[in-house]
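Engineer: This is the content of coords_5.cif (mmCIF, C-alpha atoms (C1' of nucleotides)):
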```cif
data_input
#
loop_
_atom_site.label_atom_id
_atom_site.label_comp_id
_atom_site.auth_asym_id
_atom_site.auth_seq_id
_atom_site.Cartn_x
_atom_site.Cartn_y
_atom_site.Cartn_z
CA MET I 1 -32.21 48.23 -43.52
CA SER I 2 -30.38 51.22 -42.15
CA LYS I 3 -28.03 51.26 -39.24
CA SER I 4 -30.44 53.23 -37.07
CA GLY I 5 -33.20 50.92 -38.24
CA VAL I 6 -31.70 47.90 -36.57
CA PHE I 7 -30.59 49.99 -33.67
CA ALA I 8 -34.19 50.78 -32.83
CA HIS I 9 -34.88 47.09 -32.18
CA PHE I 10 -31.87 46.26 -30.04
CA GLU I 11 -30.83 49.00 -27.73
CA SER I 12 -27.12 48.50 -27.98
CA LYS I 13 -24.53 46.64 -29.92
CA GLU I 14 -24.01 44.30 -27.00
CA ASN I 15 -27.70 43.51 -26.90
CA LEU I 16 -27.70 42.76 -30.58
CA GLN I 17 -24.73 40.43 -30.17
CA LEU I 18 -26.55 38.62 -27.39
CA GLU I 19 -29.67 38.32 -29.49
CA VAL I 20 -27.70 36.98 -32.43
CA LEU I 21 -26.15 34.36 -30.19
CA ARG I 22 -29.51 33.44 -28.71
CA SER I 23 -30.92 32.99 -32.17
CA ALA I 24 -27.92 30.90 -33.15
CA VAL I 25 -28.49 28.69 -30.12
CA ALA I 26 -32.08 28.18 -31.16
CA HIS I 27 -31.00 27.15 -34.64
CA PHE I 28 -28.27 24.96 -33.23
CA ILE I 29 -30.71 23.11 -31.01
CA ALA I 30 -33.18 22.79 -33.86
CA GLU I 31 -30.68 21.45 -36.35
CA VAL I 32 -28.04 19.67 -34.31
CA VAL I 33 -29.20 18.68 -30.85
CA GLY I 34 -32.88 18.11 -31.52
CA PRO I 35 -32.53 15.67 -34.42
CA ALA I 36 -29.83 13.81 -32.53
CA LEU I 37 -32.08 13.37 -29.51
CA ARG I 38 -34.59 11.74 -31.81
CA LYS I 39 -32.04 9.08 -32.69
CA PRO I 40 -31.86 5.92 -30.60
CA ARG I 41 -29.93 6.18 -27.37
CA GLY I 42 -26.30 5.17 -27.60
CA GLU I 43 -23.69 5.36 -30.31
CA ALA I 44 -26.21 6.39 -32.94
CA ARG I 45 -27.01 9.51 -30.98
CA VAL I 46 -23.36 10.34 -30.40
CA ARG I 47 -22.72 9.94 -34.10
CA ALA I 48 -25.67 12.16 -34.93
CA LEU I 49 -24.46 14.93 -32.64
CA PHE I 50 -21.08 14.82 -34.29
CA GLU I 51 -22.31 14.64 -37.85
CA ASN I 52 -25.04 17.20 -37.42
CA TRP I 53 -22.50 19.63 -36.09
CA PHE I 54 -20.54 19.23 -39.31
CA ASP I 55 -23.57 19.84 -41.48
CA TRP I 56 -24.51 22.82 -39.42
CA SER I 57 -21.07 24.44 -39.24
CA SER I 58 -20.51 24.24 -42.98
CA LYS I 59 -23.93 25.49 -43.95
CA ALA I 60 -23.90 28.20 -46.57
CA SER I 61 -25.88 30.39 -44.22
CA LEU I 62 -22.89 30.54 -41.89
CA PRO I 63 -20.22 32.06 -44.10
CA GLY I 64 -18.18 32.93 -41.04
CA GLY I 65 -18.15 29.37 -39.81
CA CYS I 66 -19.41 28.31 -36.41
CA ILE I 67 -20.49 31.51 -34.78
CA PHE I 68 -19.80 30.19 -31.30
CA ILE I 69 -16.19 29.43 -32.07
CA ALA I 70 -15.74 32.76 -33.81
CA ALA I 71 -17.34 34.58 -30.89
CA ALA I 72 -15.32 32.56 -28.42
CA SER I 73 -12.02 33.80 -29.75
CA GLU I 74 -13.32 37.33 -29.96
CA PHE I 75 -14.72 37.47 -26.45
CA ASP I 76 -12.51 35.11 -24.51
CA ASP I 77 -10.64 38.04 -23.02
CA GLN I 78 -13.49 40.50 -23.02
CA PRO I 79 -15.62 40.16 -19.88
CA GLY I 80 -19.29 40.95 -20.01
CA PRO I 81 -22.67 39.37 -20.66
CA VAL I 82 -21.71 38.17 -24.15
CA ARG I 83 -18.77 36.24 -22.81
CA ASP I 84 -20.88 34.88 -19.97
CA TYR I 85 -23.50 33.64 -22.36
CA LEU I 86 -20.88 32.02 -24.56
CA VAL I 87 -19.42 30.18 -21.59
CA GLU I 88 -22.87 28.95 -20.73
CA THR I 89 -23.59 27.62 -24.21
CA GLN I 90 -20.23 25.90 -24.45
CA LYS I 91 -20.83 24.18 -21.15
CA ASP I 92 -24.27 23.12 -22.32
CA TRP I 93 -22.84 21.70 -25.52
CA LEU I 94 -20.17 19.78 -23.65
CA ALA I 95 -22.79 18.52 -21.24
CA THR I 96 -24.94 17.37 -24.15
CA LEU I 97 -22.03 15.46 -25.64
CA SER I 98 -21.12 13.99 -22.25
CA GLN I 99 -24.65 12.91 -21.59
CA ALA I 100 -24.90 11.17 -24.97
CA VAL I 101 -21.69 9.31 -24.21
CA ARG I 102 -22.90 8.39 -20.74
CA ILE I 103 -26.06 6.97 -22.24
CA ALA I 104 -24.03 4.90 -24.68
CA VAL I 105 -22.18 3.53 -21.70
CA ASP I 106 -25.39 2.79 -19.86
CA GLU I 107 -26.76 1.08 -22.92
CA GLY I 108 -23.74 -1.19 -22.95
CA GLN I 109 -22.46 0.08 -26.27
CA PHE I 110 -19.47 1.91 -24.86
CA ARG I 111 -17.16 0.39 -22.29
CA SER I 112 -18.05 1.09 -18.71
CA ASP I 113 -14.64 2.57 -17.99
CA VAL I 114 -15.12 5.28 -20.60
CA ASP I 115 -14.76 8.73 -19.08
CA ALA I 116 -17.75 10.52 -20.60
CA GLN I 117 -16.44 14.03 -20.01
CA GLN I 118 -13.07 13.13 -21.41
CA LEU I 119 -14.55 11.57 -24.50
CA ALA I 120 -16.85 14.55 -24.98
CA HIS I 121 -13.79 16.75 -24.74
CA ASP I 122 -12.03 14.63 -27.35
CA PHE I 123 -14.99 14.83 -29.70
CA TYR I 124 -15.18 18.56 -29.39
CA SER I 125 -11.43 18.80 -29.96
CA ILE I 126 -11.93 17.22 -33.34
CA LEU I 127 -14.68 19.66 -34.19
CA LEU I 128 -12.57 22.62 -33.13
CA ALA I 129 -9.62 21.41 -35.14
CA TYR I 130 -11.79 20.84 -38.19
CA HIS I 131 -13.06 24.38 -37.90
CA HIS I 132 -9.56 25.77 -37.56
CA PHE I 133 -8.10 23.79 -40.44
CA SER I 134 -10.92 24.08 -42.88
CA ARG I 135 -11.28 27.81 -42.40
CA LEU I 136 -7.65 28.84 -42.31
CA LEU I 137 -5.98 26.22 -44.45
CA ARG I 138 -8.99 25.62 -46.71
CA MET I 139 -7.85 22.04 -46.52
CA PRO I 140 -10.42 19.63 -47.97
CA ALA I 141 -8.66 16.79 -46.17
CA ALA I 142 -9.72 18.32 -42.87
CA ARG I 143 -13.11 16.67 -42.98
CA VAL I 144 -11.64 13.27 -43.71
CA ARG I 145 -9.12 13.75 -40.93
CA ALA I 146 -11.83 14.72 -38.50
CA PHE I 147 -13.99 11.73 -39.28
CA ARG I 148 -11.06 9.39 -39.07
CA SER I 149 -10.18 10.70 -35.63
CA PHE I 150 -13.80 10.39 -34.66
CA GLU I 151 -14.06 6.79 -35.81
CA GLN I 152 -10.92 5.95 -33.92
CA LEU I 153 -12.32 7.41 -30.72
CA ILE I 154 -15.61 5.61 -31.19
CA GLU I 155 -13.79 2.39 -31.91
CA SER I 156 -11.71 2.75 -28.79
CA ALA I 157 -14.80 3.39 -26.69
CA ARG I 158 -16.81 0.47 -28.01
CA VAL I 159 -17.28 -2.67 -26.04
CA ARG I 160 -15.08 -5.40 -27.50
CA ASN I 161 -16.11 -8.89 -28.29
CA ALA I 162 -13.13 -10.34 -26.54
CA VAL I 163 -11.32 -9.52 -23.33
CA PRO I 164 -8.50 -7.04 -23.95
CA ARG I 165 -5.14 -8.67 -24.37
CA ASP I 166 -3.56 -6.91 -21.48
CA SER I 167 -5.20 -8.24 -18.43
CA HIS I 168 -4.97 -5.31 -16.09
CA ALA I 169 -7.64 -3.58 -18.15
CA ARG I 170 -9.63 -4.20 -15.06
CA LYS I 171 -13.10 -3.47 -16.18
CA THR I 172 -13.49 -6.61 -18.30
CA GLY I 173 -15.88 -4.64 -20.37
CA ALA I 174 -16.47 -7.54 -22.73
CA ARG I 175 -20.11 -7.68 -22.12
CA LYS I 176 -21.79 -7.87 -25.50
CA MET W 177 5.97 55.34 -27.48
CA SER W 178 3.60 57.33 -29.57
CA LYS W 179 1.40 56.04 -32.34
CA SER W 180 3.38 57.81 -35.03
CA GLY W 181 6.55 56.64 -33.34
CA VAL W 182 5.87 53.03 -34.08
CA PHE W 183 4.40 53.93 -37.42
CA ALA W 184 7.74 55.27 -38.56
CA HIS W 185 9.30 51.83 -38.16
CA PHE W 186 6.65 49.77 -39.92
CA GLU W 187 5.06 51.44 -42.86
CA SER W 188 1.56 50.17 -42.38
CA LYS W 189 -0.56 48.34 -39.90
CA GLU W 190 -0.39 45.24 -42.06
CA ASN W 191 3.37 45.36 -42.06
CA LEU W 192 3.42 45.65 -38.32
CA GLN W 193 1.12 42.66 -37.99
CA LEU W 194 3.41 40.66 -40.25
CA GLU W 195 6.45 41.71 -38.24
CA VAL W 196 4.75 40.76 -34.99
CA LEU W 197 3.96 37.34 -36.42
CA ARG W 198 7.49 36.91 -37.72
CA SER W 199 8.84 37.75 -34.31
CA ALA W 200 6.41 35.31 -32.73
CA VAL W 201 7.58 32.59 -35.08
CA ALA W 202 11.17 33.27 -34.07
CA HIS W 203 10.23 32.96 -30.41
CA PHE W 204 8.19 29.87 -31.11
CA ILE W 205 11.07 28.17 -32.85
CA ALA W 206 13.46 29.21 -30.11
CA GLU W 207 11.27 28.01 -27.27
CA VAL W 208 9.22 25.16 -28.70
CA VAL W 209 10.70 23.62 -31.81
CA GLY W 210 14.39 24.17 -31.14
CA PRO W 211 14.55 22.56 -27.70
CA ALA W 212 12.45 19.67 -28.97
CA LEU W 213 14.85 19.03 -31.83
CA ARG W 214 17.62 18.73 -29.29
CA LYS W 215 15.77 15.84 -27.67
CA PRO W 216 16.44 12.32 -28.88
CA ARG W 217 14.61 11.25 -31.99
CA GLY W 218 11.35 9.46 -31.40
CA GLU W 219 8.67 9.69 -28.75
CA ALA W 220 10.78 11.95 -26.55
CA ARG W 221 10.85 14.56 -29.27
CA VAL W 222 7.13 14.29 -29.94
CA ARG W 223 6.48 14.73 -26.23
CA ALA W 224 8.77 17.73 -26.10
CA LEU W 225 6.98 19.42 -28.98
CA PHE W 226 3.67 18.92 -27.25
CA GLU W 227 4.80 19.96 -23.80
CA ASN W 228 6.84 22.92 -24.97
CA TRP W 229 3.80 24.23 -26.78
CA PHE W 230 1.90 24.20 -23.51
CA ASP W 231 4.61 26.05 -21.66
CA TRP W 232 4.86 28.56 -24.45
CA SER W 233 1.15 29.18 -24.92
CA SER W 234 0.54 29.82 -21.24
CA LYS W 235 3.52 32.08 -20.76
CA ALA W 236 2.74 35.29 -18.92
CA SER W 237 4.17 37.21 -21.84
CA LEU W 238 1.34 35.99 -24.04
CA PRO W 239 -1.72 37.34 -22.21
CA GLY W 240 -3.82 36.85 -25.33
CA GLY W 241 -2.91 33.19 -25.56
CA CYS W 242 -1.32 31.65 -28.62
CA ILE W 243 -0.99 34.51 -31.06
CA PHE W 244 -1.22 32.19 -34.06
CA ILE W 245 -4.57 30.79 -33.00
CA ALA W 246 -5.87 34.25 -32.18
CA ALA W 247 -4.68 35.58 -35.51
CA ALA W 248 -6.06 32.55 -37.32
CA SER W 249 -9.61 33.25 -36.26
CA GLU W 250 -9.21 36.92 -37.01
CA PHE W 251 -7.75 36.47 -40.48
CA ASP W 252 -9.26 33.22 -41.66
CA ASP W 253 -11.74 35.11 -43.80
CA GLN W 254 -9.57 38.11 -44.54
CA PRO W 255 -7.35 37.49 -47.55
CA GLY W 256 -3.96 39.15 -47.75
CA PRO W 257 -0.34 38.66 -46.83
CA VAL W 258 -1.09 38.24 -43.12
CA ARG W 259 -3.42 35.35 -43.80
CA ASP W 260 -0.96 33.86 -46.25
CA TYR W 261 1.81 33.98 -43.70
CA LEU W 262 -0.41 32.41 -41.08
CA VAL W 263 -1.28 29.56 -43.42
CA GLU W 264 2.40 29.02 -44.04
CA THR W 265 3.29 28.88 -40.36
CA GLN W 266 0.45 26.50 -39.58
CA LYS W 267 1.59 24.18 -42.34
CA ASP W 268 5.13 24.35 -41.03
CA TRP W 269 3.99 23.51 -37.55
CA LEU W 270 1.94 20.56 -38.75
CA ALA W 271 4.88 19.41 -40.85
CA THR W 272 7.13 19.63 -37.82
CA LEU W 273 4.75 17.51 -35.80
CA SER W 274 4.34 15.04 -38.66
CA GLN W 275 8.03 14.75 -39.13
CA ALA W 276 8.60 14.04 -35.44
CA VAL W 277 5.98 11.31 -35.61
CA ARG W 278 7.49 9.86 -38.75
CA ILE W 279 10.86 9.71 -37.05
CA ALA W 280 9.32 7.91 -34.11
CA VAL W 281 7.97 5.39 -36.58
CA ASP W 282 11.34 5.03 -38.27
CA GLU W 283 12.99 4.54 -34.92
CA GLY W 284 10.62 1.70 -34.25
CA GLN W 285 8.96 3.40 -31.28
CA PHE W 286 5.66 4.03 -33.03
CA ARG W 287 3.90 1.37 -35.04
CA SER W 288 4.71 1.32 -38.70
CA ASP W 289 1.07 1.68 -39.70
CA VAL W 290 0.75 4.99 -37.87
CA ASP W 291 -0.42 7.76 -40.19
CA ALA W 292 1.97 10.55 -39.27
CA GLN W 293 -0.13 13.35 -40.69
CA GLN W 294 -3.23 12.04 -39.02
CA LEU W 295 -1.51 11.74 -35.66
CA ALA W 296 -0.04 15.22 -36.04
CA HIS W 297 -3.54 16.44 -36.74
CA ASP W 298 -4.80 14.72 -33.61
CA PHE W 299 -2.06 16.23 -31.49
CA TYR W 300 -2.78 19.69 -32.74
CA SER W 301 -6.49 19.13 -32.14
CA ILE W 302 -5.73 18.65 -28.49
CA LEU W 303 -3.71 21.83 -28.38
CA LEU W 304 -6.44 23.81 -30.10
CA ALA W 305 -9.06 22.46 -27.75
CA TYR W 306 -6.92 23.26 -24.74
CA HIS W 307 -6.54 26.79 -25.97
CA HIS W 308 -10.28 27.14 -26.53
CA PHE W 309 -11.30 25.67 -23.20
CA SER W 310 -8.71 27.29 -21.01
CA ARG W 311 -9.26 30.73 -22.45
CA LEU W 312 -13.02 30.78 -22.68
CA LEU W 313 -14.06 28.48 -19.88
CA ARG W 314 -11.07 29.22 -17.65
CA MET W 315 -11.31 25.55 -16.87
CA PRO W 316 -8.28 24.30 -14.94
CA ALA W 317 -9.22 20.74 -15.89
CA ALA W 318 -8.47 21.60 -19.50
CA ARG W 319 -4.78 20.93 -19.09
CA VAL W 320 -5.39 17.58 -17.45
CA ARG W 321 -7.85 16.67 -20.18
CA ALA W 322 -5.38 17.62 -22.86
CA PHE W 323 -2.59 15.56 -21.42
CA ARG W 324 -4.84 12.60 -20.91
CA SER W 325 -5.90 12.71 -24.55
CA PHE W 326 -2.28 13.07 -25.53
CA GLU W 327 -1.18 10.08 -23.50
CA GLN W 328 -3.95 8.02 -24.99
CA LEU W 329 -2.84 8.91 -28.51
CA ILE W 330 0.77 8.16 -27.71
CA GLU W 331 -0.24 4.89 -26.14
CA SER W 332 -2.22 3.91 -29.20
CA ALA W 333 0.69 4.73 -31.48
CA ARG W 334 3.33 2.85 -29.52
CA VAL W 335 4.68 -0.46 -30.65
CA ARG W 336 3.36 -3.21 -28.43
CA ASN W 337 5.50 -5.86 -26.88
CA ALA W 338 3.26 -8.55 -28.22
CA VAL W 339 1.57 -9.04 -31.55
CA PRO W 340 -2.03 -7.84 -31.43
CA ARG W 341 -4.43 -10.54 -30.50
CA ASP W 342 -6.55 -10.50 -33.59
CA SER W 343 -4.24 -10.02 -36.44
CA HIS W 344 -6.34 -7.78 -38.65
CA ALA W 345 -6.86 -5.26 -35.89
CA ARG W 346 -4.49 -2.87 -37.47
CA LYS W 347 -4.46 0.59 -36.10
CA THR W 348 -7.84 0.30 -34.52
CA GLY W 349 -7.42 -2.09 -31.68
CA ALA W 350 -4.94 0.11 -30.06
CA ARG W 351 -6.41 2.17 -27.33
CA LYS W 352 -5.99 0.68 -23.92
"C1'" DT V 353 -60.19 56.69 -46.08
"C1'" DG V 354 -58.14 58.63 -42.15
"C1'" DC V 355 -55.12 58.43 -38.48
"C1'" DA V 356 -52.42 56.98 -34.58
"C1'" DA V 357 -48.77 53.86 -33.54
"C1'" DA V 358 -44.89 51.47 -35.03
"C1'" DA V 359 -41.09 51.01 -37.95
"C1'" DA V 360 -37.49 52.70 -40.63
"C1'" DC V 361 -34.55 56.37 -42.19
"C1'" DG V 362 -30.97 60.28 -42.44
"C1'" DA V 363 -28.11 63.25 -40.39
"C1'" DA V 364 -24.97 64.18 -36.99
"C1'" DC V 365 -22.26 63.61 -32.58
"C1'" DG V 366 -18.02 62.18 -30.30
"C1'" DA V 367 -14.66 58.58 -30.22
"C1'" DT V 368 -11.35 55.79 -32.30
"C1'" DC V 369 -8.62 54.19 -36.10
"C1'" DG V 370 -4.98 54.09 -39.91
"C1'" DT V 371 -2.09 57.23 -42.00
"C1'" DG V 372 0.73 61.33 -43.45
"C1'" DC V 373 3.27 65.50 -42.48
"C1'" DT V 374 5.97 68.50 -39.76
"C1'" DA V 375 8.38 69.61 -35.65
"C1'" DT V 376 11.00 68.26 -31.79
"C1'" DT V 377 14.29 65.45 -29.28
"C1'" DC V 378 17.89 62.22 -29.01
"C1'" DT V 379 22.40 60.14 -30.55
"C1'" DG V 380 27.08 59.42 -32.12
"C1'" DG V 381 31.29 61.27 -34.49
"C1'" DC V 382 34.14 65.50 -35.05
"C1'" DG U 383 29.96 71.38 -27.58
"C1'" DC U 384 28.17 70.97 -32.41
"C1'" DC U 385 25.81 69.15 -35.93
"C1'" DA U 386 23.90 65.70 -39.18
"C1'" DG U 387 20.90 62.10 -39.13
"C1'" DA U 388 17.90 59.15 -36.89
"C1'" DA U 389 14.26 58.40 -33.66
"C1'" DT U 390 10.21 60.03 -31.67
"C1'" DA U 391 6.37 63.10 -30.84
"C1'" DG U 392 2.32 66.09 -32.03
"C1'" DC U 393 -1.21 67.17 -34.83
"C1'" DA U 394 -4.59 66.78 -38.26
"C1'" DC U 395 -7.02 64.34 -42.08
"C1'" DG U 396 -10.63 61.24 -43.52
"C1'" DA U 397 -13.01 57.02 -42.48
"C1'" DT U 398 -15.54 54.16 -39.54
"C1'" DC U 399 -17.99 53.03 -35.34
"C1'" DG U 400 -21.63 53.10 -31.63
"C1'" DT U 401 -25.20 56.00 -30.49
"C1'" DT U 402 -28.89 59.68 -30.43
"C1'" DC U 403 -32.56 62.24 -32.26
"C1'" DG U 404 -35.87 64.28 -35.23
"C1'" DT U 405 -38.27 63.17 -39.46
"C1'" DT U 406 -40.49 60.33 -42.74
"C1'" DT U 407 -42.68 56.15 -44.17
"C1'" DT U 408 -45.34 52.11 -43.35
"C1'" DT U 409 -48.82 49.49 -40.96
"C1'" DG U 410 -53.09 48.14 -38.57
"C1'" DC U 411 -57.47 49.35 -37.56
"C1'" DA U 412 -61.93 52.42 -37.07
#
```
Using structure tokens, write down the structure from this file.
Structural biologist:
Amino acid sequence: MSKSGVFAHFESKENLQLEVLRSAVAHFIAEVVGPALRKPRGEARVRALFENWFDWSSKASLPGGCIFIAAASEFDDQPGPVRDYLVETQKDWLATLSQAVRIAVDEGQFRSDVDAQQLAHDFYSILLAYHHFSRLLRMPAARVRAFRSFEQLIESARVRNAVPRDSHARKTGARK
Amino acid sequence: MSKSGVFAHFESKENLQLEVLRSAVAHFIAEVVGPALRKPRGEARVRALFENWFDWSSKASLPGGCIFIAAASEFDDQPGPVRDYLVETQKDWLATLSQAVRIAVDEGQFRSDVDAQQLAHDFYSILLAYHHFSRLLRMPAARVRAFRSFEQLIESARVRNAVPRDSHARKTGARK
DNA sequence: TGCAAAAACGAACGATCGTGCTATTCTGGC
DNA sequence: GCCAGAATAGCACGATCGTTCGTTTTTGCA
């Protein structure tokens, strides 16, 4: 299709960028968030969100990697509707992660003193780092690293069978 | 200075980009790595590396944020000497972090089963996430989040006063 | 099949970019 | 102060980019 051909559909480059992002969000929800929400509440859902993101971000149909991360670094200092929309989607994604964590807490799978927003932040950190490393360093170990960090975070959030050794862990989350 | 003025010094745009990165590396070593190496071996040095990076990346003289991260997402799919140099510097930085962790292990401040490369990866994840969040979301909480994640990692790597309660809880039982 | 509406194309515009070439201005040693 | 050499500026080139517009092709329907 010719340049002016696509231009007839979207009225400006900015509009096209927005539409691309909107379409990406639709795909992201269909392939990452949706399937995860169909998993049982709790750790399983958190895991699914994390793992689905990996499958999605390394799909062959995304040769440039996660489009949101790529767009983020392109538009983070470029005000306008594209940037605004990106901010919105990132907040939504973080909120989705947070909510899944909060549910895991409510379900008694994660300790009640887990800070959902903080843990969501930590999860997303791992994803961002994986993206950075795998794309720039082409490091196959990146995926292993990411999942190891993830497992460690999950482990540290899980309710323990026994009371933590150090007694001022005041929540006594040993509920299971 | 005029466009052709700067062009006379560097012979191509690519060369200028390389020179900018080289200069950035020099500054980075002078302001982040160097001061940290002057700290005592062990946790103090790891902390210094982490904290100095924060000071450096939010300096007023870097309005575009960390130039290496910015360049990474611009060049990660653009082969050439600039990309190669970026890869090199990222590996150096990770090696520096790893080495500082390894020393902390040797000094007996971090547990001997700590995976230095993995922990270095986790530290850098936090930095990358901070960069992403603070630049795109302009979220002031990002810094707090980052330091909380950092403290948690440090905590989980530290040697405990007592032997872990259940003896096969190797690196996992660590987080407070 | 014919025909109007929609879709796609091609050419061209002004702007910007990377680069080269030539002219001007600045600088230090006599 | 003068002059060689270096530093800087000005200009122009081809390429690319975002955009517009007039023309051609395709499509859906009577």
Engineer: Could you write out as a list in words the residues that the PyMOL selection byres ((chain U) within 12 of (chain I)) matches in the shown file?
Structural biologist: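 Selected by the PyMOL selection byres ((chain U) within 12 of (chain I)) in this file: DC399, DG400, DT401, DT402 and DC403 of chain U.
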Engineer: May I have the residues of chain W within 6 Å of chain I, counting only C-alpha atoms, written as a list of chain:residue names?
Structural biologist: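 The selection requested is W:Asp252, W:Val263, W:Ser301, W:Ile302, W:Ala305, W:Arg311, W:Leu312, W:Leu313, W:Arg351.
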Engineer: Just the selected residues (C-alpha atoms), exported as an mmCIF file, in the coordinates of the input, please.
Structural biologist:
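The resulting result-v9.cif:
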```cif
data_model
loop_
_atom_site.group_PDB
_atom_site.id
_atom_site.type_symbol
_atom_site.label_atom_id
_atom_site.label_comp_id
_atom_site.auth_asym_id
_atom_site.auth_seq_id
_atom_site.Cartn_x
_atom_site.Cartn_y
_atom_site.Cartn_z
ATOM 1 C CA ASP W 252 -9.260 33.220 -41.660
ATOM 2 C CA VAL W 263 -1.280 29.560 -43.420
ATOM 3 C CA SER W 301 -6.490 19.130 -32.140
ATOM 4 C CA ILE W 302 -5.730 18.650 -28.490
ATOM 5 C CA ALA W 305 -9.060 22.460 -27.750
ATOM 6 C CA ARG W 311 -9.260 30.730 -22.450
ATOM 7 C CA LEU W 312 -13.020 30.780 -22.680
ATOM 8 C CA LEU W 313 -14.060 28.480 -19.880
ATOM 9 C CA ARG W 351 -6.410 2.170 -27.330
#
```
Engineer: Counting all atoms listed in the file, what are the residues of chain V within 12 Å of chain W, and for each of them which pair of atoms is the nearest and at what distance in Å, to one decimal? Sort the table by chain and rising number, as JSON lines.
Structural biologist:
```
{"residue": "V:DC369", "atom": "C1'", "partner": "W:Lys189", "partner_atom": "CA", "distance": 10.7}
{"residue": "V:DG370", "atom": "C1'", "partner": "W:Lys189", "partner_atom": "CA", "distance": 7.3}
{"residue": "V:DT371", "atom": "C1'", "partner": "W:Ser188", "partner_atom": "CA", "distance": 8.0}
{"residue": "V:DG372", "atom": "C1'", "partner": "W:Ser180", "partner_atom": "CA", "distance": 9.5}
{"residue": "V:DC373", "atom": "C1'", "partner": "W:Ser180", "partner_atom": "CA", "distance": 10.7}
{"residue": "V:DT374", "atom": "C1'", "partner": "W:Ser180", "partner_atom": "CA", "distance": 12.0}
```
Engineer: Can you list, as a PDB file with C-alpha atoms (C1' of nucleotides), in the coordinates of the input, every protein, DNA or RNA residue that comes within 10 Å of DT408 (chain U) when you count all atoms listed in the file, leaving out same-chain residues fewer than 4 positions away?
Structural biologist:
```pdb
ATOM      1  C1'  DA V 358     -44.890  51.470 -35.030  1.00  0.00           C
ATOM      2  C1'  DA V 359     -41.090  51.010 -37.950  1.00  0.00           C
ATOM      3  C1'  DA V 360     -37.490  52.700 -40.630  1.00  0.00           C
TER       4       DA V 360
END
```
Engineer: Evaluate the PyMOL selection byres ((chain I and resi 48) around 9) against this structure - the residues, as a JSON list (two decimals) with C-alpha atoms, keeping the file's coordinate frame, please.
Structural biologist:
```json
[["chain", "number", "residue", "atom", "x", "y", "z"],
["I", 32, "VAL", "CA", -28.04, 19.67, -34.31],
["I", 33, "VAL", "CA", -29.20, 18.68, -30.85],
["I", 35, "PRO", "CA", -32.53, 15.67, -34.42],
["I", 36, "ALA", "CA", -29.83, 13.81, -32.53],
["I", 37, "LEU", "CA", -32.08, 13.37, -29.51],
["I", 39, "LYS", "CA", -32.04, 9.08, -32.69],
["I", 43, "GLU", "CA", -23.69, 5.36, -30.31],
["I", 44, "ALA", "CA", -26.21, 6.39, -32.94],
["I", 45, "ARG", "CA", -27.01, 9.51, -30.98],
["I", 46, "VAL", "CA", -23.36, 10.34, -30.40],
["I", 47, "ARG", "CA", -22.72, 9.94, -34.10],
["I", 49, "LEU", "CA", -24.46, 14.93, -32.64],
["I", 50, "PHE", "CA", -21.08, 14.82, -34.29],
["I", 51, "GLU", "CA", -22.31, 14.64, -37.85],
["I", 52, "ASN", "CA", -25.04, 17.20, -37.42],
["I", 53, "TRP", "CA", -22.50, 19.63, -36.09]]
```
Engineer: Could you work out an axis-aligned box for region 384-389 of chain U, taking every atom the file lists and adding 4 Å on each side, and report centre and edge lengths in Å to one decimal, as AutoDock Vina command-line options?
Structural biologist:
```
--center_x 21.2 --center_y 64.7 --center_z -35.8 --size_x 21.9 --size_y 20.6 --size_z 14.8
```
Engineer: For each of W:Ala184, W:Pro255, W:Pro316, W:Arg334, take the minimum atom-to-atom distance to Asp289 (chain W), counting only C-alpha atoms, then give the residue where this is smallest.
Structural biologist: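 Of W:Ala184, W:Pro255, W:Pro316, W:Arg334, the one nearest Asp289 (chain W) is W:Arg334, counting only C-alpha atoms.
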Engineer: Can you pull out every residue within 6 Å of region 109-111 of chain I, counting only C-alpha atoms (C1' of nucleotides), but drop anything in the same chain fewer than 3 positions away, and send it as a list in words?
Structural biologist: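 Non-adjacent residues within range: Ala104, Val105, Val114, Ala157, Arg158, Val159 and Gly173 of chain I.
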Engineer: In Å, how far is it from CA of Trp93 (chain I) to CA of Arg319 (chain W)?
Structural biologist: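 Those two atoms sit 19.2 Å apart.
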Engineer: Using all atoms listed in the file, which of the listed residues (U:DG404, U:DG387, U:DG392, U:DA397) sits closest to DC378 (chain V)?
Structural biologist: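 When distances to DC378 (chain V) are compared using all atoms listed in the file, the smallest one comes from U:DG387.
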Engineer: Would you kindly translate the PyMOL selection byres ((chain I and resi 20) around 12) into the concrete residues it picks from this file, as a VMD selection string?
Structural biologist: chain I and resid 10 13 to 19 21 to 27 67 to 68 71 82 85 to 86
Engineer: Could those residues be written to a file, using C-alpha atoms, as a compact mmCIF listing (two decimals), in the coordinates of the input?
Structural biologist:
```txt
# COMPACT_ATOMS: atom_id res chain seq x y z
CA PHE I 10 -31.87 46.26 -30.04
CA LYS I 13 -24.53 46.64 -29.92
CA GLU I 14 -24.01 44.30 -27.00
CA ASN I 15 -27.70 43.51 -26.90
CA LEU I 16 -27.70 42.76 -30.58
CA GLN I 17 -24.73 40.43 -30.17
CA LEU I 18 -26.55 38.62 -27.39
CA GLU I 19 -29.67 38.32 -29.49
CA LEU I 21 -26.15 34.36 -30.19
CA ARG I 22 -29.51 33.44 -28.71
CA SER I 23 -30.92 32.99 -32.17
CA ALA I 24 -27.92 30.90 -33.15
CA VAL I 25 -28.49 28.69 -30.12
CA ALA I 26 -32.08 28.18 -31.16
CA HIS I 27 -31.00 27.15 -34.64
CA ILE I 67 -20.49 31.51 -34.78
CA PHE I 68 -19.80 30.19 -31.30
CA ALA I 71 -17.34 34.58 -30.89
CA VAL I 82 -21.71 38.17 -24.15
CA TYR I 85 -23.50 33.64 -22.36
CA LEU I 86 -20.88 32.02 -24.56
```
